[in-house]
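Visitor: The structure file work09.tsv (TSV, C-alpha atoms and all ligand atoms) is provided below.
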chain	number	residue	atom	x	y	z
K	1	MET	CA	109.72	106.12	1.04
K	2	PHE	CA	108.83	109.77	1.24
K	3	ASN	CA	105.11	110.41	0.86
K	4	ILE	CA	103.69	113.90	0.44
K	5	ILE	CA	100.11	115.06	0.27
K	6	LEU	CA	99.83	118.29	-1.67
K	7	PHE	CA	96.67	119.77	-0.27
K	8	GLY	CA	94.46	122.78	-0.85
K	9	PRO	CA	91.26	123.91	-2.53
K	10	PRO	CA	90.64	123.51	-6.26
K	11	GLY	CA	92.75	125.99	-8.19
K	12	SER	CA	95.34	126.40	-5.44
K	13	GLY	CA	98.12	125.15	-7.72
K	14	LYS	CA	98.46	121.55	-6.52
K	15	GLY	CA	98.83	120.03	-9.98
K	16	THR	CA	101.28	122.64	-11.26
K	17	GLN	CA	103.47	122.45	-8.17
K	18	ALA	CA	103.25	118.65	-7.85
K	19	LYS	CA	104.67	118.24	-11.37
K	20	LYS	CA	107.65	120.43	-10.55
K	21	LEU	CA	108.26	118.76	-7.19
K	22	ALA	CA	107.97	115.26	-8.64
K	23	GLU	CA	110.64	116.02	-11.19
K	24	ALA	CA	113.05	117.74	-8.78
K	25	PHE	CA	112.70	115.21	-5.94
K	26	GLU	CA	112.23	112.15	-8.18
K	27	LEU	CA	108.89	111.23	-6.72
K	28	LEU	CA	105.90	109.64	-8.37
K	29	HIS	CA	103.10	112.16	-8.99
K	30	ILE	CA	99.62	110.73	-8.58
K	31	SER	CA	96.71	113.03	-9.39
K	32	THR	CA	93.41	111.29	-8.77
K	33	GLY	CA	91.65	114.03	-10.78
K	34	ASP	CA	93.87	113.28	-13.80
K	35	LEU	CA	93.26	109.54	-13.34
K	36	LEU	CA	89.50	110.10	-13.29
K	37	ARG	CA	89.66	112.31	-16.39
K	38	SER	CA	91.65	109.65	-18.19
K	39	GLU	CA	89.05	107.02	-17.27
K	40	ILE	CA	86.38	109.32	-18.71
K	41	LYS	CA	88.39	109.90	-21.88
K	42	ASN	CA	88.84	106.16	-22.33
K	43	GLY	CA	85.13	105.61	-21.83
K	44	THR	CA	85.57	103.03	-19.06
K	45	GLN	CA	82.79	101.96	-16.71
K	46	LEU	CA	84.57	103.77	-13.87
K	47	GLY	CA	84.82	106.91	-15.98
K	48	LEU	CA	81.17	106.75	-16.85
K	49	GLU	CA	80.23	106.46	-13.20
K	50	ALA	CA	82.61	109.24	-12.13
K	51	LYS	CA	81.58	111.76	-14.77
K	52	ARG	CA	78.25	112.74	-13.29
K	53	PHE	CA	79.83	113.50	-9.92
K	54	ILE	CA	82.64	115.53	-11.46
K	55	ASP	CA	80.28	117.52	-13.68
K	56	ALA	CA	78.17	118.37	-10.62
K	57	GLY	CA	81.26	119.46	-8.66
K	58	GLU	CA	80.71	116.63	-6.21
K	59	LEU	CA	83.06	113.94	-4.96
K	60	VAL	CA	83.29	110.53	-6.58
K	61	PRO	CA	82.45	107.83	-3.97
K	62	ASP	CA	85.37	106.83	-1.75
K	63	GLN	CA	85.45	103.19	-2.80
K	64	VAL	CA	85.69	104.11	-6.50
K	65	VAL	CA	88.56	106.54	-5.89
K	66	LEU	CA	90.34	104.13	-3.54
K	67	GLY	CA	90.23	101.22	-5.97
K	68	MET	CA	91.60	103.42	-8.73
K	69	LEU	CA	94.34	104.80	-6.48
K	70	ARG	CA	95.43	101.37	-5.30
K	71	SER	CA	95.94	100.14	-8.87
K	72	ALA	CA	97.85	103.31	-9.77
K	73	VAL	CA	100.27	102.94	-6.83
K	74	GLU	CA	100.73	99.20	-7.46
K	75	LYS	CA	102.01	99.97	-10.96
K	76	TYR	CA	105.13	101.60	-9.50
K	77	PRO	CA	106.51	99.31	-6.76
K	78	GLU	CA	109.98	100.91	-7.15
K	79	ALA	CA	108.82	104.47	-6.44
K	80	LYS	CA	111.04	106.28	-3.94
K	81	GLY	CA	108.02	108.17	-2.79
K	82	VAL	CA	104.73	109.60	-3.94
K	83	ILE	CA	103.18	113.04	-4.21
K	84	TYR	CA	99.46	112.68	-3.76
K	85	ASP	CA	97.69	115.51	-5.59
K	86	GLY	CA	93.97	115.95	-4.99
K	87	PHE	CA	93.85	112.93	-2.69
K	88	PRO	CA	92.75	112.19	0.02
K	89	ARG	CA	89.55	114.25	-0.31
K	90	THR	CA	87.75	112.78	2.72
K	91	ILE	CA	88.54	111.35	6.15
K	92	VAL	CA	87.58	107.89	4.87
K	93	GLN	CA	90.18	108.24	2.09
K	94	SER	CA	92.77	109.44	4.63
K	95	GLU	CA	92.23	106.44	6.88
K	96	ALA	CA	92.39	104.12	3.89
K	97	ILE	CA	95.69	105.49	2.54
K	98	ASP	CA	97.20	105.36	6.03
K	99	ALA	CA	96.17	101.71	6.35
K	100	MET	CA	97.49	100.94	2.88
K	101	LEU	CA	100.88	102.53	3.64
K	102	ALA	CA	101.04	100.88	7.07
K	103	GLU	CA	100.91	97.47	5.35
K	104	ASP	CA	104.40	98.35	4.03
K	105	GLN	CA	105.54	100.07	7.23
K	106	GLU	CA	105.19	103.40	5.43
K	107	ARG	CA	103.25	106.57	6.24
K	108	ILE	CA	102.37	110.03	5.01
K	109	ASN	CA	105.49	112.02	5.91
K	110	VAL	CA	104.09	115.46	5.29
K	111	LEU	CA	100.91	117.23	4.17
K	112	ILE	CA	101.35	120.69	2.70
K	113	ALA	CA	98.27	122.86	2.22
K	114	LEU	CA	98.48	125.66	-0.33
K	115	ALA	CA	96.54	128.64	1.02
K	116	VAL	CA	94.99	130.87	-1.64
K	117	ASP	CA	92.22	133.49	-1.33
K	118	GLU	CA	88.82	132.27	-2.48
K	119	GLU	CA	88.30	134.94	-5.16
K	120	GLU	CA	91.79	134.27	-6.51
K	121	ILE	CA	91.05	130.56	-6.95
K	122	VAL	CA	87.75	131.24	-8.72
K	123	GLN	CA	89.57	133.55	-11.15
K	124	ARG	CA	92.40	131.04	-11.67
K	125	ILE	CA	89.97	128.22	-12.46
K	126	LEU	CA	87.87	130.28	-14.88
K	127	GLU	CA	91.13	131.29	-16.59
K	128	ARG	CA	92.30	127.65	-16.68
K	129	ALA	CA	88.97	126.65	-18.28
K	130	LYS	CA	89.97	128.54	-21.44
K	131	THR	CA	92.66	125.95	-22.16
K	132	SER	CA	91.96	122.93	-19.92
K	133	GLY	CA	88.82	121.83	-21.70
K	134	ARG	CA	87.52	120.84	-18.26
K	135	THR	CA	83.75	121.28	-18.14
K	136	ASP	CA	83.89	121.51	-14.32
K	137	ASP	CA	86.18	124.56	-14.67
K	138	ALA	CA	84.06	126.51	-17.13
K	139	ASP	CA	80.94	127.14	-15.05
K	140	GLU	CA	81.24	129.48	-12.07
K	141	ASP	CA	78.43	127.79	-10.14
K	142	THR	CA	80.18	124.41	-10.43
K	143	VAL	CA	83.46	126.00	-9.35
K	144	ARG	CA	81.80	127.49	-6.26
K	145	ALA	CA	80.13	124.14	-5.52
K	146	ARG	CA	83.57	122.48	-5.61
K	147	ILE	CA	84.91	125.05	-3.16
K	148	GLN	CA	81.95	124.36	-0.85
K	149	VAL	CA	82.58	120.60	-1.05
K	150	TYR	CA	86.22	121.27	-0.22
K	151	LYS	CA	85.27	123.23	2.89
K	152	GLU	CA	82.79	120.64	4.12
K	153	GLN	CA	84.34	117.31	3.19
K	154	THR	CA	88.00	117.89	2.44
K	155	ALA	CA	89.22	120.57	4.87
K	156	PRO	CA	88.86	118.12	7.84
K	157	VAL	CA	91.66	116.07	6.25
K	158	PHE	CA	94.05	118.86	7.27
K	159	ASP	CA	93.07	118.52	10.93
K	160	TYR	CA	93.33	114.75	10.70
K	161	TYR	CA	97.01	114.96	9.66
K	162	ASP	CA	97.60	117.90	11.96
K	163	ARG	CA	96.81	115.57	14.85
K	164	ALA	CA	99.70	113.38	13.62
K	165	ASP	CA	101.84	116.54	13.55
K	166	VAL	CA	102.66	116.33	9.85
K	167	ALA	CA	100.42	119.11	8.43
K	168	TYR	CA	101.77	122.46	7.26
K	169	GLU	CA	100.12	125.45	5.64
K	170	LEU	CA	102.02	127.37	2.97
K	171	ASN	CA	101.25	130.69	1.32
K	172	GLY	CA	100.05	129.74	-2.17
K	173	MET	CA	99.60	133.28	-3.44
K	174	GLY	CA	102.01	134.73	-6.00
K	175	SER	CA	103.70	133.41	-9.13
K	176	ILE	CA	104.32	129.72	-9.83
K	177	ASP	CA	108.04	130.23	-9.20
K	178	GLU	CA	107.49	132.12	-5.95
K	179	VAL	CA	105.24	129.37	-4.59
K	180	TYR	CA	107.64	126.67	-5.77
K	181	ALA	CA	110.55	128.34	-3.99
K	182	ARG	CA	108.63	128.26	-0.69
K	183	LEU	CA	107.35	124.76	-1.29
K	184	SER	CA	110.63	123.10	-2.25
K	185	LYS	CA	112.30	124.59	0.83
K	186	LEU	CA	109.61	123.06	3.04
K	187	VAL	CA	109.87	119.68	1.29
K	188	GLU	CA	113.66	119.66	1.77
K	189	GLN	CA	113.20	120.37	5.46
K	190	ALA	CA	110.59	117.64	5.78
K	191	GLN	CA	112.83	115.17	3.95
K	192	THR	CA	115.74	115.67	6.34
K	193	ALA	CA	113.54	115.83	9.45
E	201	LIG	O1	91.71	117.04	-8.19
E	201	LIG	P1	90.87	117.66	-9.28
E	201	LIG	O2	90.50	119.06	-8.96
E	201	LIG	O3	91.49	117.50	-10.62
E	201	LIG	O4	89.52	116.83	-9.30
E	201	LIG	C1	88.49	117.16	-10.18
E	201	LIG	C2	87.21	116.51	-9.74
E	201	LIG	O5	87.39	115.10	-9.68
E	201	LIG	C3	86.73	116.90	-8.36
E	201	LIG	O6	86.01	118.10	-8.36
E	201	LIG	C4	85.87	115.71	-7.99
E	201	LIG	O7	84.62	115.76	-8.65
E	201	LIG	C5	86.66	114.56	-8.58
E	201	LIG	N1	87.59	113.95	-7.60
E	201	LIG	C6	87.06	113.20	-6.57
E	201	LIG	N2	87.88	112.60	-5.66
E	201	LIG	C7	89.21	112.75	-5.73
E	201	LIG	C8	89.77	113.52	-6.78
E	201	LIG	C9	88.91	114.13	-7.68
E	201	LIG	O8	85.86	113.05	-6.47
E	201	LIG	N3	90.01	112.13	-4.82
E	202	MG	MG	94.58	119.26	-10.08
Starting from the file, give its structure as structure tokens.
Guide:
Amino acid sequence: MFNIILFGPPGSGKGTQAKKLAEAFELLHISTGDLLRSEIKNGTQLGLEAKRFIDAGELVPDQVVLGMLRSAVEKYPEAKGVIYDGFPRTIVQSEAIDAMLAEDQERINVLIALAVDEEEIVQRILERAKTSGRTDDADEDTVRARIQVYKEQTAPVFDYYDRADVAYELNGMGSIDEVYARLSKLVEQAQTA
């Protein structure tokens, strides 16, 4: 299996790029944010619990996200690999996914962090809010809170995988196609490494 974490702050282009990569490299794309939003849309208990965290720009508790992730992965036992988008968000989640993969003698092969200037991501998210219908995108204070949460709780995930020598940072500025060109090259290199 070939397992990628597509990493970076909110609005760095993870979702957009993960979709393109998943198609080109025939990998399963798992976005925990999309899964949470679908739980909310379906009015499930999990969705109900998650909504107040998401609306506040905070993280949903690890055990909730991990349970949801496990059932998502288990649905696709034949997957040749997975692109994790928006997950792991904490060190606890990182240790849990590593343990889960280790049960099958698998691991995270590469983590790629999309680096984008802070003001650029705020502008991208406020622009996305016009069509995404995401309440957490529409309010600038919530957007800035999410960036702060990223810095405090999520950025350490990069260092965690850097210690395993699988973390890379990629310039995420520029057009979707420009970023994809850089990204796909790096994924090809990682796949043959
Ligand atoms: O990944 P995405 O930006 O779509 O996530 C939207 C929101 O969902 C986050 O701001 C956070 O509140 C919640 N989330 C989370 N834990 C994850 C993924 C998303 O708490 N692993
Ligand atoms: Mg996303």
Visitor: Between K:Arg182, K:Lys151, K:Lys14, K:Lys130, which residue has the minimum interatomic distance to ligand LIG 201 (chain E), considering all atoms listed in the file?
Guide: K:Lys14
Visitor: As a quick test: using all atoms listed in the file, which residues lie no more than 8 Å away from ligand LIG 201 (chain E)? Give them as a PyMOL selection string.
Guide: chain K and resi 10-11+15+31-34+36-37+50-51+53-62+65+85-90+93+136+146
Visitor: Quick one, how far is CA of Asp137 (chain K) from CA of Leu21 (chain K)?
Guide: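 A separation of 24.0 Å between them.
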Visitor: Which distance in Å separates CA of Lys185 (chain K) and CA of Phe25 (chain K), to one decimal?
Guide: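 A separation of 11.6 Å between them.
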Visitor: Report the distance between CA of Ala18 (chain K) and CA of Thr154 (chain K) in Å, rounded to one decimal place.
Guide: 18.4 Å
Visitor: Taking all atoms of region 92-100 of chain K that the file lists and extending 8 Å past them on each side, where is the centre of the axis-aligned box and how long are its edges? Answer in Å to one decimal, as AutoDock Vina command-line options.
Guide:
--center_x 92.5 --center_y 105.2 --center_z 4.5 --size_x 25.9 --size_y 24.5 --size_z 20.8
Visitor: Because the input lacks atoms here, generate N, CA, C and O atoms for region 59-83 of chain K and report them as a compact mmCIF listing (two decimals), in the coordinates of the input.
Guide:
# COMPACT_ATOMS: atom_id res chain seq x y z
N LEU K 59 81.99 114.93 -5.06
CA LEU K 59 83.06 113.94 -4.96
C LEU K 59 82.61 112.58 -5.47
O LEU K 59 81.47 112.15 -5.23
N VAL K 60 83.50 111.91 -6.15
CA VAL K 60 83.29 110.53 -6.58
C VAL K 60 83.34 109.66 -5.31
O VAL K 60 84.16 109.93 -4.42
N PRO K 61 82.48 108.64 -5.21
CA PRO K 61 82.45 107.83 -3.97
C PRO K 61 83.83 107.28 -3.59
O PRO K 61 84.63 106.91 -4.44
N ASP K 62 84.06 107.25 -2.28
CA ASP K 62 85.37 106.83 -1.75
C ASP K 62 85.85 105.51 -2.33
O ASP K 62 87.02 105.39 -2.71
N GLN K 63 84.98 104.51 -2.38
CA GLN K 63 85.45 103.19 -2.80
C GLN K 63 85.91 103.18 -4.26
O GLN K 63 86.84 102.46 -4.62
N VAL K 64 85.29 104.01 -5.08
CA VAL K 64 85.69 104.11 -6.50
C VAL K 64 87.09 104.72 -6.59
O VAL K 64 88.00 104.20 -7.26
N VAL K 65 87.27 105.85 -5.87
CA VAL K 65 88.56 106.54 -5.89
C VAL K 65 89.66 105.65 -5.30
O VAL K 65 90.77 105.56 -5.82
N LEU K 66 89.32 104.95 -4.21
CA LEU K 66 90.34 104.13 -3.54
C LEU K 66 90.79 102.96 -4.40
O LEU K 66 91.99 102.65 -4.44
N GLY K 67 89.87 102.33 -5.09
CA GLY K 67 90.23 101.22 -5.97
C GLY K 67 91.16 101.69 -7.07
O GLY K 67 92.18 101.07 -7.39
N MET K 68 90.80 102.84 -7.65
CA MET K 68 91.60 103.42 -8.73
C MET K 68 92.99 103.80 -8.23
O MET K 68 94.00 103.58 -8.90
N LEU K 69 93.06 104.38 -7.05
CA LEU K 69 94.34 104.80 -6.48
C LEU K 69 95.24 103.60 -6.21
O LEU K 69 96.43 103.62 -6.52
N ARG K 70 94.64 102.56 -5.63
CA ARG K 70 95.43 101.37 -5.30
C ARG K 70 96.09 100.80 -6.57
O ARG K 70 97.29 100.52 -6.57
N SER K 71 95.32 100.69 -7.66
CA SER K 71 95.94 100.14 -8.87
C SER K 71 97.02 101.07 -9.43
O SER K 71 98.00 100.61 -9.99
N ALA K 72 96.84 102.38 -9.27
CA ALA K 72 97.85 103.31 -9.77
C ALA K 72 99.16 103.14 -8.99
O ALA K 72 100.24 103.08 -9.58
N VAL K 73 99.06 103.06 -7.66
CA VAL K 73 100.27 102.94 -6.83
C VAL K 73 100.96 101.60 -7.10
O VAL K 73 102.19 101.52 -7.19
N GLU K 74 100.16 100.54 -7.27
CA GLU K 74 100.73 99.20 -7.46
C GLU K 74 101.53 99.09 -8.75
O GLU K 74 102.36 98.20 -8.91
N LYS K 75 101.27 99.99 -9.69
CA LYS K 75 102.01 99.97 -10.96
C LYS K 75 103.46 100.39 -10.79
O LYS K 75 104.28 100.18 -11.68
N TYR K 76 103.78 101.06 -9.68
CA TYR K 76 105.13 101.60 -9.50
C TYR K 76 105.74 101.14 -8.18
O TYR K 76 106.00 101.95 -7.29
N PRO K 77 105.99 99.83 -8.04
CA PRO K 77 106.51 99.31 -6.76
C PRO K 77 107.89 99.88 -6.41
O PRO K 77 108.28 99.84 -5.25
N GLU K 78 108.62 100.41 -7.43
CA GLU K 78 109.98 100.91 -7.15
C GLU K 78 110.01 102.38 -6.75
O GLU K 78 111.09 102.92 -6.51
N ALA K 79 108.84 103.03 -6.72
CA ALA K 79 108.82 104.47 -6.44
C ALA K 79 109.52 104.79 -5.13
O ALA K 79 109.34 104.11 -4.13
N LYS K 80 110.34 105.86 -5.16
CA LYS K 80 111.04 106.28 -3.94
C LYS K 80 110.12 107.06 -3.01
O LYS K 80 110.46 107.36 -1.87
N GLY K 81 108.98 107.42 -3.56
CA GLY K 81 108.02 108.17 -2.79
C GLY K 81 106.93 108.67 -3.73
O GLY K 81 107.06 108.54 -4.94
N VAL K 82 105.88 109.19 -3.15
CA VAL K 82 104.73 109.60 -3.94
C VAL K 82 104.27 110.99 -3.51
O VAL K 82 104.29 111.32 -2.32
N ILE K 83 103.90 111.80 -4.51
CA ILE K 83 103.18 113.04 -4.21
C ILE K 83 101.72 112.80 -4.54
O ILE K 83 101.38 112.57 -5.71
